[in-house]
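Peer 1: Just work.cif, nothing more (mmCIF, C-alpha atoms):
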data_structure
loop_
_atom_site.label_atom_id
_atom_site.label_comp_id
_atom_site.auth_asym_id
_atom_site.auth_seq_id
_atom_site.Cartn_x
_atom_site.Cartn_y
_atom_site.Cartn_z
CA MET K 547 -56.20 33.74 19.70
CA ASP K 548 -57.39 33.64 16.08
CA LYS K 549 -56.53 36.10 13.34
CA GLN K 550 -59.77 38.07 13.61
CA LYS K 551 -59.39 38.56 17.36
CA VAL K 552 -55.83 39.73 16.93
CA LEU K 553 -56.88 42.14 14.19
CA GLY K 554 -59.63 43.39 16.41
CA ARG K 555 -57.06 44.60 18.93
CA ILE K 556 -55.06 46.47 16.35
CA THR K 557 -56.23 49.93 15.36
CA GLY K 558 -56.08 51.40 11.88
CA VAL K 559 -57.57 50.38 8.58
CA ALA K 560 -55.39 49.93 5.49
CA LEU K 561 -55.89 52.57 2.82
CA SER K 562 -56.59 51.78 -0.78
CA GLY K 563 -56.44 54.10 -3.74
CA ALA K 564 -54.85 57.54 -3.56
CA CYS K 565 -52.82 58.21 -0.46
CA VAL K 566 -53.67 61.65 0.84
CA PHE K 567 -53.85 62.13 4.56
CA GLY K 568 -53.98 64.94 6.95
CA ALA K 569 -51.61 66.38 10.67
CA THR K 570 -50.73 68.65 13.66
CA ALA K 571 -49.84 72.20 14.38
CA ALA K 572 -46.19 71.19 14.49
CA PHE K 573 -46.08 69.81 10.94
CA ALA K 574 -48.13 70.69 7.88
CA GLY K 575 -46.38 69.41 4.77
CA GLU K 576 -46.80 66.78 2.08
CA ILE K 577 -44.40 63.84 2.27
CA THR K 578 -43.66 62.17 -1.07
CA ILE K 579 -42.48 58.57 -0.92
CA TRP K 580 -41.09 56.32 -3.64
CA CYS K 581 -41.36 52.55 -3.29
CA TRP K 582 -42.36 49.39 -5.15
CA ASP K 583 -44.77 46.44 -4.75
CA PRO K 584 -48.36 47.67 -4.32
CA ASN K 585 -49.39 44.71 -2.18
CA PHE K 586 -46.47 44.99 0.22
CA ASN K 587 -44.31 48.12 0.54
CA VAL K 588 -46.85 50.54 -0.93
CA ALA K 589 -49.78 49.20 1.08
CA ILE K 590 -47.73 49.13 4.29
CA MET K 591 -46.54 52.70 3.82
CA LYS K 592 -50.09 53.87 3.22
CA GLU K 593 -51.14 52.16 6.44
CA ALA K 594 -48.28 53.87 8.28
CA GLY K 595 -49.36 57.23 6.89
CA GLU K 596 -52.94 56.76 8.01
CA ILE K 597 -51.85 55.95 11.56
CA TYR K 598 -49.56 58.99 11.71
CA THR K 599 -52.24 61.41 10.53
CA LYS K 600 -54.51 60.48 13.40
CA SER K 601 -52.22 62.56 15.60
CA HIS K 602 -50.83 64.83 12.84
CA PRO K 603 -53.91 65.71 10.76
CA ASP K 604 -52.16 68.40 8.70
CA THR K 605 -49.53 66.08 7.21
CA THR K 606 -50.36 64.64 3.81
CA PHE K 607 -48.74 61.73 2.03
CA ASN K 608 -48.11 60.97 -1.62
CA VAL K 609 -46.98 57.35 -1.94
CA VAL K 610 -45.76 56.76 -5.48
CA ASP K 611 -45.68 53.18 -6.74
CA PHE K 612 -42.90 52.41 -9.23
CA ALA K 613 -41.30 49.17 -10.33
CA LYS K 614 -38.22 48.47 -8.22
CA ALA K 615 -35.88 49.01 -11.18
CA ASP K 616 -37.56 52.35 -11.92
CA VAL K 617 -37.09 53.54 -8.33
CA GLU K 618 -33.40 52.68 -8.54
CA GLN K 619 -32.94 54.31 -11.95
CA LYS K 620 -34.78 57.52 -11.02
CA LEU K 621 -32.92 57.79 -7.72
CA GLN K 622 -29.54 57.19 -9.34
CA THR K 623 -30.21 59.69 -12.15
CA ALA K 624 -31.41 62.45 -9.82
CA LEU K 625 -28.55 62.00 -7.36
CA ALA K 626 -25.92 61.85 -10.09
CA SER K 627 -27.23 65.00 -11.77
CA GLY K 628 -27.74 66.91 -8.53
CA ALA K 629 -31.36 67.54 -9.47
CA THR K 630 -32.65 67.44 -5.91
CA SER K 631 -36.02 68.91 -6.93
CA ALA K 632 -36.72 65.62 -8.71
CA LEU K 633 -36.21 63.60 -5.56
CA PRO K 634 -38.88 62.38 -3.11
CA ASP K 635 -38.75 63.01 0.62
CA ILE K 636 -38.50 59.31 1.51
CA VAL K 637 -37.31 56.45 -0.68
CA LEU K 638 -37.20 52.69 -0.20
CA ILE K 639 -33.77 51.13 -0.86
CA GLU K 640 -32.99 47.43 -0.93
CA ASP K 641 -30.48 46.58 1.78
CA TYR K 642 -27.91 45.18 -0.65
CA GLY K 643 -27.77 48.56 -2.39
CA ALA K 644 -27.72 50.82 0.67
CA GLN K 645 -23.97 51.22 1.00
CA LYS K 646 -23.63 51.93 -2.71
CA TYR K 647 -25.94 54.95 -2.42
CA LEU K 648 -24.60 56.13 0.92
CA GLN K 649 -20.96 55.99 -0.16
CA SER K 650 -21.44 57.19 -3.74
CA PHE K 651 -23.56 60.20 -2.73
CA PRO K 652 -22.30 61.49 0.64
CA GLY K 653 -24.63 64.07 2.12
CA ALA K 654 -27.60 62.97 0.01
CA PHE K 655 -29.39 61.20 2.86
CA ALA K 656 -30.29 62.47 6.30
CA ALA K 657 -28.53 60.91 9.28
CA MET K 658 -31.10 59.89 11.87
CA ASP K 659 -29.03 58.59 14.77
CA GLY K 660 -29.75 61.76 16.72
CA VAL K 661 -33.46 60.91 16.70
CA VAL K 662 -33.90 57.16 16.24
CA ASP K 663 -33.03 54.61 18.93
CA TYR K 664 -31.21 52.13 16.71
CA SER K 665 -30.54 49.78 19.63
CA ALA K 666 -34.20 48.78 19.28
CA PHE K 667 -33.56 47.09 15.92
CA ALA K 668 -31.84 43.93 14.74
CA PRO K 669 -28.12 44.78 14.73
CA TYR K 670 -27.47 43.53 11.20
CA LYS K 671 -30.00 46.02 9.79
CA VAL K 672 -28.33 48.94 11.55
CA GLN K 673 -24.87 47.88 10.38
CA LEU K 674 -25.82 48.02 6.71
CA MET K 675 -26.97 51.66 6.93
CA THR K 676 -23.98 52.94 8.91
CA VAL K 677 -21.16 54.96 7.34
CA ASP K 678 -18.31 56.54 9.33
CA GLY K 679 -20.18 56.13 12.58
CA LYS K 680 -23.35 57.88 11.35
CA VAL K 681 -26.55 55.92 10.86
CA TYR K 682 -28.91 56.63 7.98
CA GLY K 683 -32.28 55.12 7.22
CA MET K 684 -35.15 53.49 9.06
CA PRO K 685 -34.85 49.70 9.24
CA PHE K 686 -37.88 48.02 7.74
CA ASP K 687 -38.56 44.44 6.70
CA THR K 688 -36.19 41.56 7.19
CA GLY K 689 -35.25 38.69 4.94
CA VAL K 690 -34.51 36.41 7.89
CA THR K 691 -34.16 32.94 6.46
CA GLY K 692 -35.56 29.55 7.32
CA MET K 693 -35.72 26.00 6.05
CA TYR K 694 -39.27 25.20 5.01
CA TYR K 695 -39.73 21.45 4.78
CA ARG K 696 -42.48 18.98 3.97
CA ARG K 697 -43.38 17.17 7.16
CA ASP K 698 -45.12 14.39 5.26
CA TYR K 699 -42.16 13.65 2.99
CA LEU K 700 -39.68 13.71 5.88
CA GLU K 701 -41.91 11.45 7.98
CA GLU K 702 -42.22 9.00 5.11
CA ALA K 703 -38.42 8.91 4.98
CA GLY K 704 -38.22 8.23 8.72
CA PHE K 705 -37.48 11.71 10.07
CA LYS K 706 -39.24 13.76 12.74
CA PRO K 707 -39.35 17.57 13.08
CA GLU K 708 -36.64 17.45 15.75
CA ASP K 709 -34.32 15.82 13.21
CA MET K 710 -34.42 19.03 11.16
CA GLN K 711 -33.34 21.40 13.94
CA ASP K 712 -29.92 23.09 13.85
CA ILE K 713 -28.40 20.69 11.35
CA THR K 714 -25.32 21.16 9.17
CA TRP K 715 -25.31 21.18 5.40
CA ASP K 716 -23.60 17.79 5.39
CA ARG K 717 -26.47 16.41 7.47
CA PHE K 718 -28.92 18.10 5.10
CA ILE K 719 -27.32 16.17 2.24
CA GLU K 720 -27.48 12.89 4.17
CA ILE K 721 -31.17 13.44 4.86
CA GLY K 722 -31.70 14.37 1.22
CA ARG K 723 -30.29 11.07 0.04
CA GLN K 724 -32.72 9.13 2.20
CA VAL K 725 -35.68 11.33 1.29
CA GLU K 726 -35.16 10.71 -2.41
CA ALA K 727 -34.51 7.00 -1.92
CA LYS K 728 -37.67 6.50 0.13
CA THR K 729 -40.09 9.04 -1.38
CA GLY K 730 -38.78 9.78 -4.86
CA HIS K 731 -38.73 13.50 -4.14
CA LYS K 732 -35.69 15.73 -4.56
CA MET K 733 -34.55 17.34 -1.31
CA THR K 734 -34.63 20.94 -2.53
CA THR K 735 -34.64 23.28 -5.49
CA LEU K 736 -31.98 25.77 -6.52
CA ASP K 737 -31.50 28.17 -9.39
CA LEU K 738 -27.75 28.01 -9.80
CA ASN K 739 -27.91 31.20 -11.88
CA ASP K 740 -29.08 33.12 -8.82
CA GLY K 741 -26.66 34.16 -6.08
CA GLY K 742 -29.18 34.04 -3.25
CA ILE K 743 -28.13 30.77 -1.63
CA THR K 744 -24.47 31.81 -1.72
CA ARG K 745 -25.35 35.00 0.14
CA ILE K 746 -27.41 33.07 2.69
CA MET K 747 -24.53 30.70 3.40
CA MET K 748 -21.87 33.42 3.60
CA GLN K 749 -23.82 35.69 5.93
CA SER K 750 -24.67 32.75 8.21
CA ALA K 751 -20.92 32.65 8.94
CA GLY K 752 -20.58 36.41 9.34
CA SER K 753 -18.78 36.82 6.03
CA TRP K 754 -19.34 38.62 2.73
CA TYR K 755 -17.73 39.30 -0.64
CA PHE K 756 -15.87 42.26 0.89
CA ASP K 757 -13.96 42.80 4.12
CA GLU K 758 -14.47 45.58 6.67
CA ASN K 759 -12.32 47.92 4.54
CA GLY K 760 -14.44 47.36 1.44
CA ASP K 761 -11.74 45.31 -0.28
CA LEU K 762 -12.51 42.15 -2.24
CA ASN K 763 -12.71 39.12 0.03
CA VAL K 764 -12.79 36.15 -2.33
CA LEU K 765 -9.53 34.19 -2.49
CA ASP K 766 -9.20 33.52 1.25
CA ASN K 767 -12.87 33.63 2.13
CA ALA K 768 -13.53 30.36 3.98
CA ALA K 769 -17.31 30.92 4.09
CA LEU K 770 -17.53 31.63 0.36
CA LYS K 771 -15.37 28.60 -0.41
CA ALA K 772 -17.57 26.37 1.75
CA ALA K 773 -20.73 27.85 0.22
CA LEU K 774 -19.56 27.02 -3.29
CA GLU K 775 -18.38 23.55 -2.35
CA THR K 776 -21.67 22.84 -0.57
CA GLN K 777 -23.75 23.84 -3.58
CA ALA K 778 -21.55 21.78 -5.87
CA LYS K 779 -21.92 18.76 -3.58
CA ILE K 780 -25.71 19.07 -3.47
CA ALA K 781 -25.75 19.29 -7.26
CA GLU K 782 -23.32 16.38 -7.70
CA GLU K 783 -25.45 14.24 -5.37
CA GLY K 784 -28.44 14.87 -7.64
CA LEU K 785 -30.53 16.28 -4.79
CA ILE K 786 -31.64 19.42 -6.65
CA TYR K 787 -34.86 19.82 -8.58
CA PRO K 788 -33.43 22.31 -11.10
CA ALA K 789 -35.01 25.70 -11.59
CA THR K 790 -34.38 28.40 -14.16
CA GLY K 791 -35.93 31.68 -13.16
CA TRP K 792 -38.40 32.65 -10.47
CA SER K 793 -41.46 30.80 -11.82
CA ASP K 794 -39.61 27.50 -12.05
CA TYR K 795 -38.19 28.00 -8.58
CA VAL K 796 -41.59 28.66 -6.99
CA ASN K 797 -43.28 25.86 -8.89
CA ALA K 798 -40.74 23.35 -7.58
CA PHE K 799 -42.10 23.60 -4.02
CA THR K 800 -45.68 24.74 -4.56
CA SER K 801 -46.29 21.75 -6.84
CA GLY K 802 -44.91 19.30 -4.29
CA ASN K 803 -41.82 18.30 -6.24
CA VAL K 804 -39.31 18.92 -3.43
CA ALA K 805 -39.02 18.22 0.28
CA SER K 806 -37.64 21.62 1.30
CA VAL K 807 -36.83 25.16 0.29
CA ILE K 808 -34.35 27.45 2.02
CA THR K 809 -35.00 31.15 1.57
CA GLY K 810 -36.30 34.35 3.19
CA VAL K 811 -39.39 34.65 5.38
CA TRP K 812 -41.14 36.61 2.65
CA ILE K 813 -41.87 33.31 0.85
CA THR K 814 -44.28 32.24 3.61
CA GLY K 815 -47.33 33.70 1.89
CA THR K 816 -46.52 31.89 -1.35
CA ILE K 817 -46.23 28.55 0.45
CA LYS K 818 -49.43 29.09 2.41
CA ALA K 819 -51.34 29.91 -0.78
CA GLN K 820 -51.39 26.16 -1.48
CA GLU K 821 -54.35 25.37 0.76
CA ASP K 822 -54.30 21.67 -0.03
CA GLN K 823 -50.85 21.48 1.61
CA SER K 824 -52.01 22.84 4.98
CA GLY K 825 -50.51 20.87 7.87
CA LYS K 826 -47.89 19.31 5.64
CA TRP K 827 -45.16 21.94 6.15
CA GLY K 828 -42.76 22.72 8.96
CA VAL K 829 -40.07 25.36 9.51
CA ALA K 830 -36.58 24.93 10.96
CA PRO K 831 -33.39 27.01 11.11
CA ILE K 832 -31.25 26.90 7.99
CA PRO K 833 -28.34 24.43 7.97
CA LYS K 834 -24.94 25.79 8.95
CA LEU K 835 -21.71 25.50 7.00
CA ASP K 836 -19.50 22.64 8.10
CA GLY K 837 -16.02 23.42 9.37
CA VAL K 838 -16.26 27.21 9.06
CA GLU K 839 -15.37 29.24 12.12
CA GLY K 840 -18.27 31.34 13.34
CA ALA K 841 -20.85 29.55 11.19
CA GLY K 842 -24.39 29.47 12.56
CA ASN K 843 -27.96 28.59 11.63
CA ALA K 844 -29.30 32.12 11.03
CA SER K 845 -29.00 34.34 7.99
CA ASN K 846 -30.77 36.81 5.74
CA LEU K 847 -31.89 37.14 2.13
CA GLY K 848 -33.27 40.44 0.93
CA GLY K 849 -35.03 43.13 2.92
CA SER K 850 -35.17 46.89 2.50
CA SER K 851 -35.26 50.13 4.51
CA TRP K 852 -36.59 53.68 4.28
CA TYR K 853 -34.26 56.67 3.71
CA VAL K 854 -34.96 60.40 4.01
CA LEU K 855 -33.38 62.72 1.44
CA ASP K 856 -31.35 65.45 3.11
CA SER K 857 -32.57 67.96 0.51
CA SER K 858 -36.21 67.42 1.48
CA ASP K 859 -38.17 70.53 2.46
CA VAL K 860 -40.03 68.40 5.00
CA LYS K 861 -37.00 66.44 6.24
CA ASP K 862 -37.76 66.82 9.96
CA GLU K 863 -41.39 65.89 9.41
CA ALA K 864 -40.42 62.83 7.38
CA ILE K 865 -37.99 61.69 10.07
CA ASP K 866 -40.57 62.23 12.78
CA PHE K 867 -43.10 60.16 10.83
CA LEU K 868 -40.70 57.24 10.36
CA ASN K 869 -39.58 57.42 13.97
CA GLU K 870 -43.11 57.49 15.39
CA ILE K 871 -44.44 54.59 13.32
CA TYR K 872 -41.55 52.35 12.31
CA ALA K 873 -39.40 52.78 15.43
CA LYS K 874 -42.10 52.79 18.12
CA ASP K 875 -45.50 51.47 17.06
CA THR K 876 -45.47 47.76 17.87
CA GLU K 877 -49.18 47.36 17.07
CA PHE K 878 -48.43 48.57 13.54
CA TYR K 879 -46.02 45.66 13.17
CA GLN K 880 -48.65 43.18 14.37
CA LYS K 881 -51.06 44.45 11.75
CA ILE K 882 -48.66 44.31 8.81
CA LEU K 883 -47.54 40.84 9.89
CA ILE K 884 -51.10 39.53 9.81
CA GLU K 885 -52.23 41.38 6.69
CA ARG K 886 -49.05 41.42 4.60
CA GLY K 887 -46.74 38.79 6.06
CA ALA K 888 -44.17 41.50 6.80
CA VAL K 889 -41.63 40.64 9.47
CA GLY K 890 -40.18 43.94 10.65
CA SER K 891 -36.80 44.38 12.29
CA LEU K 892 -38.02 46.25 15.39
CA LEU K 893 -37.18 43.78 18.14
CA ALA K 894 -39.95 44.87 20.51
CA ALA K 895 -42.57 43.83 17.96
CA ARG K 896 -41.68 40.20 18.64
CA GLU K 897 -43.58 40.35 21.93
CA GLY K 898 -46.90 41.07 20.20
CA GLU K 899 -49.81 38.66 19.97
CA ALA K 900 -49.53 38.17 16.23
CA TYR K 901 -46.05 36.73 16.65
CA GLN K 902 -47.35 34.25 19.24
CA GLU K 903 -49.99 32.79 16.93
CA ALA K 904 -49.82 29.06 16.27
CA ASP K 905 -50.23 28.37 12.56
CA PRO K 906 -52.22 25.26 11.56
CA PHE K 907 -50.70 25.37 8.10
CA PHE K 908 -47.34 24.60 9.69
CA GLY K 909 -48.63 21.91 12.02
CA GLY K 910 -49.44 24.35 14.82
CA GLU K 911 -45.94 25.84 14.98
CA LYS K 912 -45.49 29.45 16.09
CA VAL K 913 -43.80 30.26 12.81
CA TRP K 914 -43.59 34.04 13.22
CA GLN K 915 -42.08 33.68 16.68
CA LYS K 916 -39.43 31.37 15.28
CA PHE K 917 -38.46 33.81 12.57
CA SER K 918 -38.40 36.70 15.02
CA ASP K 919 -36.07 34.72 17.29
CA TRP K 920 -33.74 33.94 14.39
CA LEU K 921 -33.83 37.60 13.35
CA ASN K 922 -31.74 38.63 16.33
CA GLN K 923 -29.16 35.93 15.54
CA ILE K 924 -28.33 37.13 12.01
CA PRO K 925 -24.65 38.09 11.76
CA ALA K 926 -24.03 41.69 10.72
CA VAL K 927 -21.89 42.02 7.59
CA ASP K 928 -20.82 44.86 5.32
CA TYR K 929 -22.61 44.39 2.00
CA GLY K 930 -20.25 46.84 0.30
CA ILE K 931 -21.24 48.54 -2.93
CA PHE K 932 -20.79 45.77 -5.50
CA THR K 933 -22.86 42.82 -4.28
CA ASN K 934 -24.70 42.46 -7.59
CA GLU K 935 -21.45 42.40 -9.55
CA LEU K 936 -20.05 39.67 -7.29
CA ASP K 937 -23.21 37.63 -7.67
CA VAL K 938 -22.64 37.64 -11.42
CA ALA K 939 -19.03 36.53 -11.00
CA VAL K 940 -20.05 33.71 -8.67
CA THR K 941 -22.92 32.35 -10.75
CA SER K 942 -20.81 32.58 -13.91
CA ASN K 943 -18.21 30.26 -12.40
CA LEU K 944 -20.20 27.91 -10.17
CA GLN K 945 -20.98 25.42 -12.92
CA SER K 946 -17.28 24.90 -13.58
CA LEU K 947 -16.88 23.79 -9.95
CA ILE K 948 -19.76 21.35 -10.35
CA ASP K 949 -18.05 20.06 -13.51
CA GLY K 950 -14.89 19.29 -11.54
CA LYS K 951 -12.69 22.38 -11.64
CA PRO K 952 -10.66 22.75 -8.40
CA VAL K 953 -12.30 25.16 -5.97
CA ASP K 954 -9.21 27.36 -5.60
CA GLU K 955 -9.12 27.85 -9.37
CA VAL K 956 -12.81 28.72 -9.32
CA LEU K 957 -12.24 31.28 -6.58
CA LYS K 958 -9.42 32.83 -8.61
CA ALA K 959 -11.68 33.04 -11.67
CA ILE K 960 -14.38 34.72 -9.56
CA ASN K 961 -11.83 37.13 -8.13
CA ASP K 962 -10.44 38.02 -11.56
CA GLN K 963 -13.89 38.56 -13.06
CA ALA K 964 -15.00 40.65 -10.10
CA LYS K 965 -11.90 42.86 -10.28
CA PHE K 966 -12.64 43.51 -13.94
CA GLN K 967 -16.33 44.28 -13.27
CA ILE K 968 -15.80 46.73 -10.43
CA GLN K 969 -12.67 48.56 -11.61
#
So that I can check it, write out the structure of this file as structure tokens.

Peer 2:
Amino acid sequence: MDKQKVLGRITGVALSGACVFGATAAFAGEITIWCWDPNFNVAIMKEAGEIYTKSHPDTTFNVVDFAKADVEQKLQTALASGATSALPDIVLIEDYGAQKYLQSFPGAFAAMDGVVDYSAFAPYKVQLMTVDGKVYGMPFDTGVTGMYYRRDYLEEAGFKPEDMQDITWDRFIEIGRQVEAKTGHKMTTLDLNDGGITRIMMQSAGSWYFDENGDLNVLDNAALKAALETQAKIAEEGLIYPATGWSDYVNAFTSGNVASVITGVWITGTIKAQEDQSGKWGVAPIPKLDGVEGAGNASNLGGSSWYVLDSSDVKDEAIDFLNEIYAKDTEFYQKILIERGAVGSLLAAREGEAYQEADPFFGGEKVWQKFSDWLNQIPAVDYGIFTNELDVAVTSNLQSLIDGKPVDEVLKAINDQAKFQIQ
């Protein structure tokens, strides 16, 4: 079934411009929402609001578009000062920062486990919004990861799509050597000043920078050690097309310079924007860490969720809205997948027609179905409250490992820097 036929089965038309809707005898308030990215989060929330007001015509919505950094600054300032009147009713929070807000400001957010059926969502998303047995937030988009690869380059080097399935990082490196030797293309691109690939590798083994008690987990972290060693090996082998910053990183694969890129599903739209490359790409699970207990081929990078402020005058209405649309409406998820490339974390949405679509750009693969299958395999980890600080410590010391410093000394340097940063 083509895109237009699928869209034809999905009700609702995306709103543009000001977001004012209307709702039911039960609720009659205005819900103010803070989020970022007008073409993704903002547009999706406006769509959700329009659907809700079909059955609740007295509810109105005010979706406020800020830059991500501004949302975080305004939220932090208001919570720290206790100025609850300055807060919205619903706010979008990046998953890596959720625990920081929940633990730093107890009582600021409304627990929703009495209303929402959290068993319907990917377990890792629920884990990151849970504190002391209470669950806060409405799981939204996922950063489920994949290995996007150039079919044409791999074929030229003698590899078939099946050769890319469920491989290890050591095998990835072996393939990379042959790809460069036979095609002249680097195997992948990495920005070694960005901690994203380290996070992908760690979470694929069910590990993080912190343990279940929130204590630093660096010195004896087998997954982190393997992640650093793997990146150093890829760099030492000369398989990386270097990137500094986001533009360089994107250009490395959109321009055809590399044979693969390993990142979150949200990059799909950027890859598909290169129409001249249609049919030349494939998608496979990410490689798994060699020799690490519990390591697998599924992980996550990024993603965010919606949170209701406990001080909201329309708290119950806001929770009902999120529950009705984001926790139950599977057609909504089909629509935002097609129109925005948003892969939600509601597991039931995977059965929809949009997820079954074969994509000619990826050689006829059912790309969305693959990502939705991997979604349920992502290990749940505790992101803690200092992920960003640990990223800085890791990226500050990774180059020394590449330059030959023993890995245990590098881990100690990371640990020492992190302890200083988070004290």

Peer 1: Could you check how far atom CA of Ser806 of chain K sits from atom CA of Arg717 of chain K, in Å to one decimal?

Peer 2: 13.8 Å

Peer 1: Carefully work through the PyMOL selection byres ((chain K and resi 609) around 12) for this structure and note down the residues it includes, as a PyMOL selection string.

Peer 2: chain K and resi 561-567+576-584+587-596+606-608+610-612+634-638

Peer 1: Go ahead and dump the residues you just picked, C-alpha atoms, as a compact mmCIF listing (two decimals), in the frame of the given file.

Peer 2:
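For reference, part-v2.txt as written:
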# COMPACT_ATOMS: atom_id res chain seq x y z
CA LEU K 561 -55.89 52.57 2.82
CA SER K 562 -56.59 51.78 -0.78
CA GLY K 563 -56.44 54.10 -3.74
CA ALA K 564 -54.85 57.54 -3.56
CA CYS K 565 -52.82 58.21 -0.46
CA VAL K 566 -53.67 61.65 0.84
CA PHE K 567 -53.85 62.13 4.56
CA GLU K 576 -46.80 66.78 2.08
CA ILE K 577 -44.40 63.84 2.27
CA THR K 578 -43.66 62.17 -1.07
CA ILE K 579 -42.48 58.57 -0.92
CA TRP K 580 -41.09 56.32 -3.64
CA CYS K 581 -41.36 52.55 -3.29
CA TRP K 582 -42.36 49.39 -5.15
CA ASP K 583 -44.77 46.44 -4.75
CA PRO K 584 -48.36 47.67 -4.32
CA ASN K 587 -44.31 48.12 0.54
CA VAL K 588 -46.85 50.54 -0.93
CA ALA K 589 -49.78 49.20 1.08
CA ILE K 590 -47.73 49.13 4.29
CA MET K 591 -46.54 52.70 3.82
CA LYS K 592 -50.09 53.87 3.22
CA GLU K 593 -51.14 52.16 6.44
CA ALA K 594 -48.28 53.87 8.28
CA GLY K 595 -49.36 57.23 6.89
CA GLU K 596 -52.94 56.76 8.01
CA THR K 606 -50.36 64.64 3.81
CA PHE K 607 -48.74 61.73 2.03
CA ASN K 608 -48.11 60.97 -1.62
CA VAL K 610 -45.76 56.76 -5.48
CA ASP K 611 -45.68 53.18 -6.74
CA PHE K 612 -42.90 52.41 -9.23
CA PRO K 634 -38.88 62.38 -3.11
CA ASP K 635 -38.75 63.01 0.62
CA ILE K 636 -38.50 59.31 1.51
CA VAL K 637 -37.31 56.45 -0.68
CA LEU K 638 -37.20 52.69 -0.20

Peer 1: Once the PyMOL selection byres ((chain K and resi 702) around 12) has been evaluated on this model, what residues remain selected, and can you format them as a list of chain:residue names?

Peer 2: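 Taken over the shown coordinates, the PyMOL selection byres ((chain K and resi 702) around 12) returns K:Arg696, K:Arg697, K:Asp698, K:Tyr699, K:Leu700, K:Glu701, K:Ala703, K:Gly704, K:Phe705, K:Lys706, K:Ile721, K:Gln724, K:Val725, K:Glu726, K:Ala727, K:Lys728, K:Thr729, K:Gly730, K:His731, K:Ala805, K:Lys826.
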
Peer 1: Have a look at atom CA of Tyr695 of chain K and atom CA of Lys779 of chain K and let me know their distance in Å, one decimal.

Peer 2: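 It comes out at 19.9 Å.
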
Peer 1: I need the residue set behind the PyMOL selection byres ((chain K and resi 716) around 10) for this file; please write it as a list of chain:residue names.

Peer 2: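 This file gives the following for the PyMOL selection byres ((chain K and resi 716) around 10): K:Ile713, K:Thr714, K:Trp715, K:Arg717, K:Phe718, K:Ile719, K:Glu720, K:Ile721, K:Gly722, K:Thr776, K:Lys779, K:Ile780, K:Pro833, K:Lys834, K:Leu835, K:Asp836.
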
Peer 1: Show which residues sit within 6 Å of segment 736-742 of chain K, as a ChimeraX atom specification. Count only C-alpha atoms, and ignore same-chain residues fewer than 4 positions away.

Peer 2: /K:788-790,937,941

Peer 1: Of the candidates K:Ala888, K:Met748, K:Ala668, K:Val913, which one gets nearest to Met684 of chain K if we count all atoms listed in the file?

Peer 2: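 So, comparing all the options, the nearest one is K:Ala668.
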
Peer 1: Let me make sure I understand: among K:Thr933, K:Ser801, K:Ser850, K:Gln777, which one has the smallest atom-to-atom distance to Leu947 of chain K if we use all atoms listed in the file?

Peer 2: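 Nearest to Leu947 of chain K: K:Gln777.
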
Peer 1: Could you work out how far atom CA of Pro831 of chain K lies from atom CA of Lys771 of chain K, giving the answer in Å with one decimal?

Peer 2: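 Distance reported for this atom pair: 21.4 Å.
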